[in-house]
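Here is the structure we will look at, set down as structure tokens.
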Amino acid sequence: EDQVTQSPEALRLQEGESSSLNCSYTVSGLRGLFWYRQDPGKGPEFLFTLYSAGEEKEKERLKATLTKKESFLHITAPKPEDSATYLCAVQALDSSYKLIFGSGTRLLVRP
Amino acid sequence: DGGITQSPKYLFRKEGQNVTLSCEQNLNHDAMYWYRQDPGQGLRLIYYSQIVNDFQKGDIAEGYSVSREKKESFPLTVTSAQKNPTAFYLCASRWAPNYGYTFGSGTRLTVV
């Protein structure tokens, strides 16, 4: 069964303290892996798509990487405004429609 | 600006009542989706539509119904058969299979 597991469930950082969020996935074949940011009471906001192992994408303080079994979202020198829930989702090769989501990592960055 | 509009933002349902959540997009996307989000769980797919006048059940379709009469609109009805409807409902659309979803701002449904 296709599955996505995110860890940790929650993460508290001091402003400027870099860290990484993990997304492990089990899928028969990967069509794509997606990262989203979600603020409380709002819909998820698209961040990155990764398609193949070794691929990396960057946006401001965020960098996403992909291996054959997992993806990492690295946050460099985070600021309080980076506080949010970060969601990971995968799409299998044999599915043209459905994303499978992890339960997310809640990130809190303290000033 | 292009995007997805969900309404209402908050909705309260009485026992035995059907309610309809609205989802409208002006992105010219063919595919639209409804997901349900519960605390501590990943988003779960309720229904999806890849083209006008066609839709398919997702993983948790029981107690829900949809229609897709126009490309721009994909309303979700939560029927009285849905025993635990309290949740955050998210509508999404996408341009093509390899692209990410664009999400609406969500509707929070509460049973009173």
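Residues are referred to by chain and number: the chain letter is A, B, ... according to the order shown in the structure tokens, the number counts from 1 in that chain, and ligands are numbered separately from 1 in the order shown.
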| task | Hey, list the chain B side of the contact with chain A: 6 Å cut-off, only C-alpha atoms, answer as a ChimeraX atom specification. | result | /B:40-43,97,103-106
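Note that the spacing between CA of Gly16 (chain B) and CA of Thr107 (chain B) amounts to 19.4 Å.
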| field | strand (DSSP E) per DSSP on the backbone: members of region 39-108 of chain A, as a VMD selection string | value | chain A and resid 45 to 50 56 to 59 62 to 66 70 to 75 84 to 92 100 to 101 105 to 108
| said: Between CA of Leu21 (chain B) and CA of Gln6 (chain B), what is the distance in Å, rounded to a tenth? | reply: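 Taking CA of Leu21 (chain B) as the start and CA of Gln6 (chain B) as the end point, the length is 7.4 Å.
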| message | Could you tell me how far CA of His29 (chain B) sits from CA of Ala92 (chain A), in Å to one decimal place? | response | 20.7 Å
| said: Set the distance at 8 Å and use only C-alpha atoms: which residues neighbour region 66-78 of chain B once local chain neighbours fewer than 3 positions away are removed? I'd like the list as a list in words. | reply: Asn18, Val19, Thr20, Leu21, Ser22, Cys23, Glu24, Gln25, Asn26, Asn28, His29, Asp30, Met32, Trp34, Tyr47, Ser49, Ile51, Val52, Asn53, Asp54, Phe55, Gly63, Gln82 and Pro85 of chain B
For Ser20 (chain A), work out the shell of residues within 12 Å, counting only C-alpha atoms and skipping chain neighbours fewer than 4 positions away, then give it as a CSV table (one decimal) with N, CA and C atoms, in the first residue's frame.
```
chain,number,residue,atom,x,y,z
A,6,GLN,N,5.7,11.4,7.8
A,6,GLN,CA,6.5,12.6,8.1
A,6,GLN,C,6.9,12.6,9.5
A,7,SER,N,8.2,13.0,9.7
A,7,SER,CA,8.7,13.2,11.0
A,7,SER,C,9.6,14.4,11.1
A,8,PRO,N,9.7,15.0,12.3
A,8,PRO,CA,8.9,14.7,13.5
A,8,PRO,C,7.5,15.2,13.3
A,10,ALA,N,6.1,17.4,15.4
A,10,ALA,CA,6.2,18.8,15.8
A,10,ALA,C,7.7,19.1,16.0
A,11,LEU,N,8.1,20.3,15.7
A,11,LEU,CA,9.5,20.8,15.8
A,11,LEU,C,9.5,22.2,16.3
A,12,ARG,N,10.2,22.4,17.4
A,12,ARG,CA,10.4,23.8,17.9
A,12,ARG,C,11.9,24.2,17.7
A,13,LEU,N,12.0,25.4,17.0
A,13,LEU,CA,13.4,25.9,16.8
A,13,LEU,C,13.5,27.3,17.3
A,61,ARG,N,14.7,30.3,2.3
A,61,ARG,CA,15.4,29.6,3.3
A,61,ARG,C,15.1,28.1,3.3
A,62,LEU,N,14.3,27.7,2.3
A,62,LEU,CA,13.9,26.3,2.2
A,62,LEU,C,14.6,25.6,1.0
A,63,LYS,N,15.0,24.3,1.3
A,63,LYS,CA,15.6,23.5,0.3
A,63,LYS,C,15.1,22.1,0.4
A,64,ALA,N,14.6,21.6,-0.7
A,64,ALA,CA,14.0,20.2,-0.7
A,64,ALA,C,14.9,19.3,-1.5
A,65,THR,N,15.1,18.1,-1.0
A,65,THR,CA,15.9,17.1,-1.6
A,65,THR,C,15.2,15.8,-1.7
A,71,SER,N,12.4,12.2,1.3
A,71,SER,CA,12.7,13.6,1.0
A,71,SER,C,12.9,14.4,2.2
A,72,PHE,N,13.8,15.4,2.1
A,72,PHE,CA,14.1,16.2,3.3
A,72,PHE,C,13.7,17.7,2.9
A,73,LEU,N,13.2,18.4,3.8
A,73,LEU,CA,13.0,19.8,3.7
A,73,LEU,C,13.9,20.5,4.7
A,74,HIS,N,15.0,21.1,4.1
A,74,HIS,CA,16.0,21.7,5.0
A,74,HIS,C,15.6,23.2,5.2
A,75,ILE,N,15.6,23.6,6.4
A,75,ILE,CA,15.3,25.0,6.7
A,75,ILE,C,16.5,25.7,7.3
A,76,THR,N,17.0,26.7,6.6
A,76,THR,CA,18.3,27.3,7.0
A,76,THR,C,18.0,28.7,7.6
A,77,ALA,N,18.5,28.8,8.8
A,77,ALA,CA,18.3,30.1,9.6
A,77,ALA,C,16.9,30.5,9.6
A,78,PRO,N,16.0,29.7,10.1
A,78,PRO,CA,14.6,30.0,10.1
A,78,PRO,C,14.2,31.3,10.8
A,86,TYR,N,4.1,21.8,7.6
A,86,TYR,CA,4.6,21.4,6.3
A,86,TYR,C,4.2,20.0,5.9
A,105,THR,N,4.3,18.1,9.5
A,105,THR,CA,5.2,18.5,10.6
A,105,THR,C,4.8,19.9,11.0
A,107,LEU,N,5.8,23.1,12.6
A,107,LEU,CA,7.1,23.9,12.9
A,107,LEU,C,6.8,25.1,13.6
```
| request: Quick one: everything within 9 Å of Arg108 (chain B), counting only C-alpha atoms, minus sequence neighbours fewer than 6 positions away in the same chain. Send it as a ChimeraX atom specification. | output: /A:41 /B:8-12,86-90
